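Data file: coords-v9.cif. Format and content: mmCIF, C-alpha atoms.
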data_structure
loop_
_atom_site.label_atom_id
_atom_site.label_comp_id
_atom_site.auth_asym_id
_atom_site.auth_seq_id
_atom_site.Cartn_x
_atom_site.Cartn_y
_atom_site.Cartn_z
CA MET A 1 0.00 0.00 0.00
CA SER A 2 0.91 3.60 -0.29
CA THR A 3 3.42 5.07 2.12
CA SER A 4 2.28 8.63 1.59
CA GLU A 5 3.48 11.25 4.02
CA THR A 6 0.04 12.64 4.68
CA ALA A 7 -3.43 11.20 4.40
CA GLY A 8 -4.30 13.93 1.88
CA SER A 9 -1.59 13.02 -0.59
CA HIS A 10 -2.88 9.46 -0.73
CA ASP A 11 -6.26 10.69 -1.98
CA LEU A 12 -4.62 12.92 -4.58
CA ALA A 13 -2.35 10.10 -5.75
CA LEU A 14 -5.35 7.92 -6.64
CA ARG A 15 -8.67 9.56 -7.30
CA HIS A 16 -11.67 7.30 -7.45
CA GLN A 17 -12.22 7.44 -11.23
CA PHE A 18 -8.87 5.75 -11.95
CA VAL A 19 -8.08 2.04 -11.73
CA ASP A 20 -4.63 2.69 -10.26
CA SER A 21 -2.22 5.55 -9.78
CA GLU A 22 -0.30 4.60 -12.92
CA GLN A 23 -3.42 5.10 -15.02
CA GLN A 24 -3.97 8.45 -13.30
CA ARG A 25 -0.39 9.51 -14.09
CA ASP A 26 -0.68 8.45 -17.74
CA ALA A 27 -3.96 10.31 -18.19
CA SER A 28 -2.77 13.51 -16.56
CA SER A 29 0.59 13.52 -18.34
CA MET A 30 -1.15 13.13 -21.70
CA GLY A 31 -3.40 16.05 -20.81
CA MET A 32 -0.36 18.21 -20.07
CA TRP A 33 1.37 17.24 -23.32
CA LEU A 34 -1.80 17.96 -25.31
CA PHE A 35 -1.88 21.41 -23.70
CA LEU A 36 1.74 21.94 -24.76
CA VAL A 37 0.79 21.00 -28.35
CA THR A 38 -1.73 23.85 -28.34
CA GLU A 39 0.99 26.14 -26.97
CA VAL A 40 3.35 25.12 -29.78
CA MET A 41 0.64 26.04 -32.30
CA PHE A 42 -0.13 29.31 -30.46
CA PHE A 43 3.47 30.49 -30.71
CA GLY A 44 3.75 28.78 -34.11
CA GLY A 45 1.28 31.28 -35.58
CA MET A 46 3.53 34.16 -34.53
CA PHE A 47 6.65 32.39 -35.80
CA THR A 48 4.88 31.95 -39.14
CA ALA A 49 4.03 35.67 -39.27
CA TYR A 50 7.68 36.40 -38.47
CA LEU A 51 8.81 34.12 -41.31
CA ILE A 52 6.51 35.78 -43.87
CA TYR A 53 7.36 39.37 -42.95
CA ARG A 54 11.04 38.63 -42.65
CA HIS A 55 10.96 37.15 -46.14
CA ALA A 56 9.16 40.26 -47.40
CA ASN A 57 11.29 42.86 -45.57
CA PRO A 58 14.80 41.49 -44.91
CA ALA A 59 16.38 44.97 -44.61
CA ALA A 60 13.79 46.15 -42.08
CA PHE A 61 14.31 43.01 -39.99
CA MET A 62 18.06 43.63 -40.08
CA ALA A 63 17.47 47.21 -38.91
CA GLY A 64 15.23 46.04 -36.07
CA SER A 65 17.70 43.36 -34.97
CA LEU A 66 20.55 45.88 -34.94
CA ALA A 67 18.52 48.15 -32.63
CA LEU A 68 18.23 45.38 -29.98
CA SER A 69 20.86 44.77 -27.32
CA VAL A 70 22.54 41.37 -27.73
CA GLN A 71 23.92 41.78 -24.19
CA TYR A 72 20.44 41.92 -22.65
CA GLY A 73 19.23 39.06 -24.83
CA ALA A 74 22.21 36.82 -24.08
CA PHE A 75 22.05 37.61 -20.35
CA ASN A 76 18.38 36.68 -20.29
CA THR A 77 19.09 33.46 -22.19
CA VAL A 78 21.61 32.48 -19.53
CA VAL A 79 19.14 33.40 -16.74
CA LEU A 80 16.34 31.38 -18.33
CA ILE A 81 18.49 28.30 -18.94
CA GLY A 82 19.60 28.58 -15.31
CA SER A 83 15.95 28.65 -14.23
CA SER A 84 15.31 25.49 -16.25
CA LEU A 85 18.14 23.81 -14.33
CA THR A 86 16.70 24.87 -10.95
CA MET A 87 13.24 23.69 -12.09
CA ALA A 88 14.61 20.31 -13.20
CA LEU A 89 16.38 19.91 -9.85
CA GLY A 90 13.14 20.88 -8.10
CA VAL A 91 11.21 18.13 -9.93
CA ARG A 92 13.98 15.71 -8.95
CA CYS A 93 13.58 16.67 -5.27
CA ALA A 94 9.82 16.17 -5.60
CA GLN A 95 10.42 12.69 -7.03
CA LEU A 96 12.64 11.87 -4.06
CA GLY A 97 10.27 13.42 -1.52
CA GLN A 98 12.79 16.08 -0.41
CA ARG A 99 10.33 18.74 0.70
CA LYS A 100 12.60 21.59 1.82
CA ALA A 101 14.97 21.27 -1.13
CA LEU A 102 11.95 21.28 -3.47
CA VAL A 103 10.71 24.56 -1.97
CA GLY A 104 14.23 25.99 -2.28
CA TRP A 105 14.55 25.12 -5.97
CA LEU A 106 11.07 26.47 -6.71
CA ILE A 107 12.00 29.78 -5.03
CA ALA A 108 15.27 29.86 -7.03
CA THR A 109 13.23 29.33 -10.21
CA ILE A 110 10.89 32.19 -9.24
CA LEU A 111 13.84 34.52 -8.57
CA LEU A 112 15.50 33.72 -11.90
CA GLY A 113 12.17 34.18 -13.70
CA ALA A 114 11.75 37.56 -11.99
CA THR A 115 15.30 38.54 -13.04
CA PHE A 116 14.39 37.73 -16.65
CA LEU A 117 11.27 39.91 -16.42
CA GLY A 118 13.28 42.71 -14.80
CA VAL A 119 15.74 42.79 -17.71
CA LYS A 120 12.79 42.65 -20.12
CA ALA A 121 11.24 45.66 -18.35
CA VAL A 122 14.50 47.62 -18.77
CA GLU A 123 14.56 46.68 -22.48
CA TYR A 124 10.93 47.70 -23.00
CA THR A 125 11.57 51.02 -21.20
CA GLU A 126 14.50 51.77 -23.51
CA LYS A 127 12.37 50.90 -26.53
CA TRP A 128 9.65 53.23 -25.28
CA GLU A 129 12.11 56.09 -24.72
CA ASN A 130 13.62 55.60 -28.19
CA HIS A 131 10.15 55.64 -29.84
CA HIS A 132 10.63 52.06 -31.03
CA VAL A 133 7.23 50.91 -29.72
CA PRO A 134 4.73 50.52 -32.62
CA GLY A 135 1.94 53.05 -32.60
CA PRO A 136 1.45 56.81 -33.12
CA THR A 137 4.78 57.69 -31.44
CA PHE A 138 6.81 55.16 -33.45
CA ASN A 139 9.86 56.71 -35.10
CA PHE A 140 12.66 54.74 -36.69
CA ASP A 141 14.58 56.42 -39.51
CA THR A 142 17.19 53.91 -40.66
CA THR A 143 19.35 56.72 -42.13
CA LYS A 144 19.56 58.46 -38.74
CA GLU A 145 19.39 55.72 -36.07
CA PRO A 146 22.86 55.20 -34.52
CA SER A 147 22.43 51.41 -34.78
CA THR A 148 21.59 51.34 -38.51
CA LYS A 149 22.92 54.49 -40.22
CA ASP A 150 26.27 52.87 -41.12
CA HIS A 151 24.62 49.72 -42.51
CA PRO A 152 23.64 50.15 -46.15
CA GLU A 153 22.02 46.69 -46.06
CA ALA A 154 19.69 47.79 -43.25
CA GLN A 155 17.97 50.71 -44.96
CA ALA A 156 14.20 50.28 -44.98
CA PRO A 157 11.00 52.32 -44.68
CA SER A 158 9.90 53.17 -41.15
CA LYS A 159 6.62 51.25 -41.66
CA SER A 160 8.52 48.02 -42.39
CA VAL A 161 10.69 48.41 -39.29
CA GLU A 162 7.48 49.03 -37.32
CA MET A 163 6.29 45.60 -38.48
CA TYR A 164 9.47 44.06 -37.07
CA PHE A 165 8.85 45.75 -33.72
CA SER A 166 5.18 44.73 -33.74
CA LEU A 167 6.33 41.11 -34.02
CA TYR A 168 9.07 41.71 -31.45
CA PHE A 169 6.58 42.99 -28.88
CA ALA A 170 3.92 40.40 -29.74
CA MET A 171 6.35 37.48 -29.40
CA THR A 172 8.41 38.65 -26.42
CA GLY A 173 5.24 40.04 -24.79
CA MET A 174 3.37 36.73 -25.03
CA HIS A 175 6.52 34.99 -23.84
CA ALA A 176 6.77 37.37 -20.87
CA LEU A 177 3.09 36.77 -20.06
CA HIS A 178 3.84 33.05 -19.95
CA MET A 179 6.71 33.80 -17.57
CA ILE A 180 4.40 35.82 -15.31
CA ILE A 181 1.86 32.98 -15.27
CA GLY A 182 4.72 30.54 -14.59
CA ILE A 183 5.94 32.58 -11.63
CA GLY A 184 2.39 32.65 -10.23
CA LEU A 185 2.16 28.89 -10.67
CA MET A 186 5.53 28.32 -8.98
CA SER A 187 4.54 30.56 -6.06
CA VAL A 188 1.39 28.54 -5.38
CA LEU A 189 3.30 25.26 -5.76
CA ALA A 190 6.09 26.45 -3.44
CA TRP A 191 3.46 27.21 -0.80
CA LEU A 192 1.68 23.86 -1.27
CA SER A 193 5.04 22.05 -1.23
CA TRP A 194 5.96 23.77 2.02
CA LYS A 195 2.69 22.56 3.50
CA GLY A 196 3.62 19.01 2.47
CA MET A 197 1.07 18.34 -0.24
CA PHE A 198 3.59 16.55 -2.47
CA GLY A 199 5.60 13.44 -1.82
CA ARG A 200 7.03 10.45 -3.64
CA ASP A 201 3.54 9.16 -4.43
CA TYR A 202 2.13 12.40 -5.74
CA TYR A 203 4.17 15.11 -7.40
CA ALA A 204 2.37 15.42 -10.76
CA PRO A 205 1.63 19.18 -10.39
CA ILE A 206 5.34 19.89 -9.83
CA GLU A 207 6.27 17.73 -12.83
CA TYR A 208 3.74 19.41 -15.14
CA ALA A 209 4.59 22.92 -13.94
CA GLY A 210 8.17 21.92 -14.80
CA LEU A 211 7.10 20.87 -18.31
CA TYR A 212 5.40 24.27 -18.73
CA TRP A 213 8.47 26.13 -17.50
CA HIS A 214 10.81 24.21 -19.80
CA PHE A 215 8.45 24.88 -22.71
CA VAL A 216 8.63 28.63 -22.04
CA ASP A 217 12.43 28.31 -21.95
CA LEU A 218 12.25 26.46 -25.26
CA VAL A 219 10.32 29.30 -26.93
CA TRP A 220 13.01 31.74 -25.80
CA ILE A 221 15.75 29.48 -27.20
CA TYR A 222 14.23 30.23 -30.64
CA LEU A 223 13.23 33.86 -29.97
CA PHE A 224 16.73 34.92 -28.97
CA PRO A 225 18.50 34.06 -32.26
CA LEU A 226 15.51 34.99 -34.45
CA LEU A 227 14.95 38.44 -32.95
CA TYR A 228 18.37 39.46 -31.65
CA LEU A 229 20.97 37.67 -33.74
CA ILE A 230 20.32 36.46 -37.26
CA GLY A 231 19.39 39.85 -38.71
CA ARG A 232 22.75 41.28 -37.79
CA ARG A 233 24.66 39.79 -40.73
CA HIS A 234 23.63 38.44 -44.10
CA ASN A 235 19.97 38.33 -44.83
CA PHE A 236 18.04 35.96 -46.94
CA MET B 237 3.22 0.52 -4.84
CA SER B 238 4.82 3.70 -3.58
CA SER B 239 8.27 3.54 -5.13
CA GLY B 240 7.07 1.75 -8.26
CA HIS B 241 5.39 4.87 -9.61
CA ILE B 242 8.23 7.31 -9.31
CA GLY B 243 9.27 8.33 -12.81
CA HIS B 244 12.87 8.06 -13.93
CA VAL B 245 15.10 9.99 -11.51
CA SER B 246 18.08 11.42 -13.36
CA PRO B 247 21.32 11.93 -11.43
CA ILE B 248 22.16 15.58 -10.64
CA ARG B 249 25.23 15.18 -12.88
CA THR B 250 22.99 14.71 -15.94
CA TYR B 251 21.19 18.00 -15.28
CA ILE B 252 24.46 19.90 -14.74
CA LEU B 253 25.89 18.44 -17.99
CA ILE B 254 22.79 19.41 -19.98
CA TRP B 255 22.87 22.89 -18.45
CA ALA B 256 26.56 23.22 -19.42
CA ALA B 257 25.77 22.08 -22.98
CA LEU B 258 22.98 24.68 -23.20
CA MET B 259 25.43 27.37 -22.01
CA VAL B 260 27.97 26.32 -24.65
CA GLY B 261 25.19 26.45 -27.24
CA THR B 262 24.30 30.00 -26.16
CA ILE B 263 27.93 31.13 -26.46
CA LEU B 264 28.21 29.41 -29.87
CA THR B 265 25.06 31.04 -31.22
CA VAL B 266 26.22 34.53 -30.14
CA ALA B 267 29.68 33.88 -31.61
CA ALA B 268 28.20 32.57 -34.87
CA SER B 269 26.11 35.74 -35.21
CA MET B 270 29.33 37.78 -35.43
CA VAL B 271 30.64 35.78 -38.37
CA ASP B 272 29.65 36.44 -41.99
CA PHE B 273 28.54 33.11 -43.39
CA PRO B 274 27.63 32.96 -47.08
CA GLY B 275 24.02 33.44 -48.13
CA PRO B 276 21.38 32.29 -45.66
CA MET B 277 23.88 30.25 -43.61
CA ASN B 278 23.77 32.62 -40.60
CA ALA B 279 20.10 31.80 -40.12
CA VAL B 280 20.68 28.10 -40.78
CA VAL B 281 23.51 27.91 -38.22
CA ALA B 282 21.52 29.85 -35.59
CA LEU B 283 18.43 27.68 -36.05
CA ALA B 284 20.50 24.48 -36.04
CA ILE B 285 22.08 25.44 -32.69
CA ALA B 286 18.67 26.43 -31.30
CA THR B 287 17.21 23.08 -32.40
CA VAL B 288 20.03 21.14 -30.73
CA LYS B 289 19.42 23.14 -27.52
CA ALA B 290 15.66 22.59 -27.74
CA THR B 291 16.18 18.85 -28.26
CA LEU B 292 18.37 18.64 -25.14
CA VAL B 293 15.71 20.49 -23.10
CA VAL B 294 12.92 18.21 -24.36
CA LEU B 295 14.82 14.94 -23.93
CA PHE B 296 16.48 15.54 -20.56
CA PHE B 297 14.81 18.43 -18.69
CA MET B 298 11.34 17.39 -19.86
CA HIS B 299 12.23 13.69 -19.39
CA VAL B 300 10.99 12.64 -22.83
CA LYS B 301 13.99 10.30 -23.13
CA TYR B 302 12.62 8.36 -20.15
CA ILE B 303 8.92 8.82 -20.87
CA SER B 304 6.90 6.04 -19.24
CA TYR B 305 3.67 6.42 -21.20
CA LYS B 306 4.69 5.81 -24.80
CA VAL B 307 1.44 7.12 -26.31
CA ASN B 308 2.65 10.60 -25.30
CA ILE B 309 5.37 10.31 -27.94
CA ILE B 310 2.63 10.46 -30.60
CA VAL B 311 1.32 13.64 -28.98
CA ILE B 312 4.79 15.22 -28.90
CA VAL B 313 5.61 14.25 -32.48
CA SER B 314 2.23 15.64 -33.57
CA ALA B 315 3.24 19.06 -32.16
CA ILE B 316 6.36 19.08 -34.34
CA PHE B 317 4.40 17.75 -37.30
CA TRP B 318 1.65 20.39 -37.14
CA LEU B 319 4.17 23.19 -36.61
CA LEU B 320 6.24 22.10 -39.63
CA LEU B 321 3.06 21.75 -41.66
CA LEU B 322 2.07 25.32 -40.77
CA LEU B 323 5.51 26.79 -41.48
CA GLY B 324 6.11 24.62 -44.54
CA MET B 325 2.80 25.11 -46.31
CA VAL B 326 2.79 28.87 -45.71
CA SER B 327 6.40 29.13 -46.93
CA ILE B 328 5.64 27.22 -50.12
CA ASP B 329 2.76 29.60 -50.76
CA TYR B 330 4.75 32.81 -50.19
CA VAL B 331 7.98 31.69 -51.86
CA GLY B 332 6.05 30.40 -54.83
CA ARG B 333 4.51 33.73 -55.76
CA ALA B 334 5.77 37.26 -56.45
CA PHE B 335 5.34 38.75 -52.99
CA SER B 336 6.11 42.44 -52.15
#
Take the structure I supplied and represent it as structure tokens, if you would.
Amino acid sequence: MSTSETAGSHDLALRHQFVDSEQQRDASSMGMWLFLVTEVMFFGGMFTAYLIYRHANPAAFMAGSLALSVQYGAFNTVVLIGSSLTMALGVRCAQLGQRKALVGWLIATILLGATFLGVKAVEYTEKWENHHVPGPTFNFDTTKEPSTKDHPEAQAPSKSVEMYFSLYFAMTGMHALHMIIGIGLMSVLAWLSWKGMFGRDYYAPIEYAGLYWHFVDLVWIYLFPLLYLIGRRHNF
Amino acid sequence: MSSGHIGHVSPIRTYILIWAALMVGTILTVAASMVDFPGPMNAVVALAIATVKATLVVLFFMHVKYISYKVNIIVIVSAIFWLLLLLGMVSIDYVGRAFS
């Protein structure tokens, strides 16, 4: 029989509609993966828009890329990969029933996620001050911008560069929203973990929150080169 | 039945190694962006590195390498399939006509 740490976790580990806890795990993990498929398609739509407009306006996308800070982008990539490591170690502690270490890793993940969002806020502020946010105040003259004026390959109409920045804010904005949701999720799970809801028999919520967090990391792994890097040299 | 239902527990060393590989990938992708490759190769190199990194995340951090419920592999492959279908079909349409 189950050796759950609390009576409550035994009930959660096998709800009455399932034959056994293995069936419950299989069903819930498939549900999580199906959700991630919808997330892939959600971001996939924006990646497709990026592909089309990049193909149509390579010079404008080069100009937009040159106006971004690779330092911020690379720093955030390192922070996010670090948060995936802390999350993976947290799931491992959940599997082994190490309650305090689990809470510690979840808090580390929250802090790294918040660091990412902090850097993103600084980037957005700079974009706002430079009038690089699409809308009535948008102003990007490729012949005058310090980042693009010496690049003959990156000369494009302001409207085309605005399209780049629309995609930049749509993609990084939706990514940041996922981070905010993730941090909320981790905060609740850290609290529930502290209270001892999860143990060796039942840690599915930690595992699936981990899958979500790694997925968000995965989106950034593509966003970083596509938005910050590949426009800086040859275009296709 | 308690210990029987714990999923695969990877050693800490595995996670540190994957993290290190992802860091190397990040350095490589930044370095590659400073090099002028011919034609579209900058994009190809960047996306190839990103795909290697993504594969490591999926296999090891997301435990797909040790997945216990094999039907989930169909679900995961379907995500890649539908995404490639979306990107591929739209690309064929736009590349195949005089756009802009």
Requested in this report: For chain A, list the residues within 8 Å of chain B, counting only C-alpha atoms, and write the list as JSON, numbers by chain.
Outcome: {"A": [1, 2, 3, 4, 21, 22, 26, 29, 30, 33, 34, 37, 38, 40, 41, 44, 45, 48, 51, 52, 56, 74, 77, 78, 81, 82, 84, 85, 88, 89, 92, 95, 200, 201, 210, 211, 214, 218, 221, 222, 225, 226, 229, 230, 232, 233, 234, 235, 236]}
Polymer residues at most 6 Å from range 100-117 of chain A, all atoms listed in the file, same-chain spacing of 3 or more positions, as a compact mmCIF listing (two decimals) with C-alpha atoms, in the coordinates of the input:
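This is the output file part_14.txt:
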# COMPACT_ATOMS: atom_id res chain seq x y z
CA ASN A 76 18.38 36.68 -20.29
CA SER A 83 15.95 28.65 -14.23
CA THR A 86 16.70 24.87 -10.95
CA MET A 87 13.24 23.69 -12.09
CA GLY A 90 13.14 20.88 -8.10
CA CYS A 93 13.58 16.67 -5.27
CA ALA A 94 9.82 16.17 -5.60
CA LYS A 120 12.79 42.65 -20.12
CA ILE A 183 5.94 32.58 -11.63
CA ALA A 190 6.09 26.45 -3.44
Query raised in the report: Which protein, DNA or RNA residues are at most 7 Å from (12.5, 40.6, -36.6) in the file's coordinates when you count all atoms listed in the file, listed as a PyMOL selection string?
Result: chain A and resi 50+54+61+64-65+164-165+167-168+226-227
Requested in this report: Report the distance between CA of Tyr228 in chain A and CA of Phe42 in chain A in Å, rounded to one decimal place.
Outcome: 21.1 Å
Report task. Can you give me, as a ChimeraX atom specification, the residues this file yields under the PyMOL selection byres ((chain A and resi 132-139) around 9)? Result -> /A:67,124,126-131,140-141,158,162-163,165-166,169
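Across the structure, CA of Ile206 in chain A and CA of Met46 in chain A are spaced 28.6 Å apart.
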Report task. Give me, please, the distance in Å between CA of Gln23 in chain A and CA of Leu96 in chain A, quoted to one decimal. Result -> 20.6 Å
Query raised in the report: Between A:Gln71, A:Asn57, A:Gln98, A:Ser28, which one has atoms that come closest to Phe198 in chain A, using only C-alpha atoms?
Result: A:Gln98
Box time for range 98-117 of chain A: axis-aligned, enclosing all its listed atoms, 6 Å extra on each side; report centre and edge lengths in Å to one decimal, as lines of an AutoDock Vina configuration file.
center_x = 12.9
center_y = 28.0
center_z = -7.4
size_x = 17.2
size_y = 35.8
size_z = 30.5
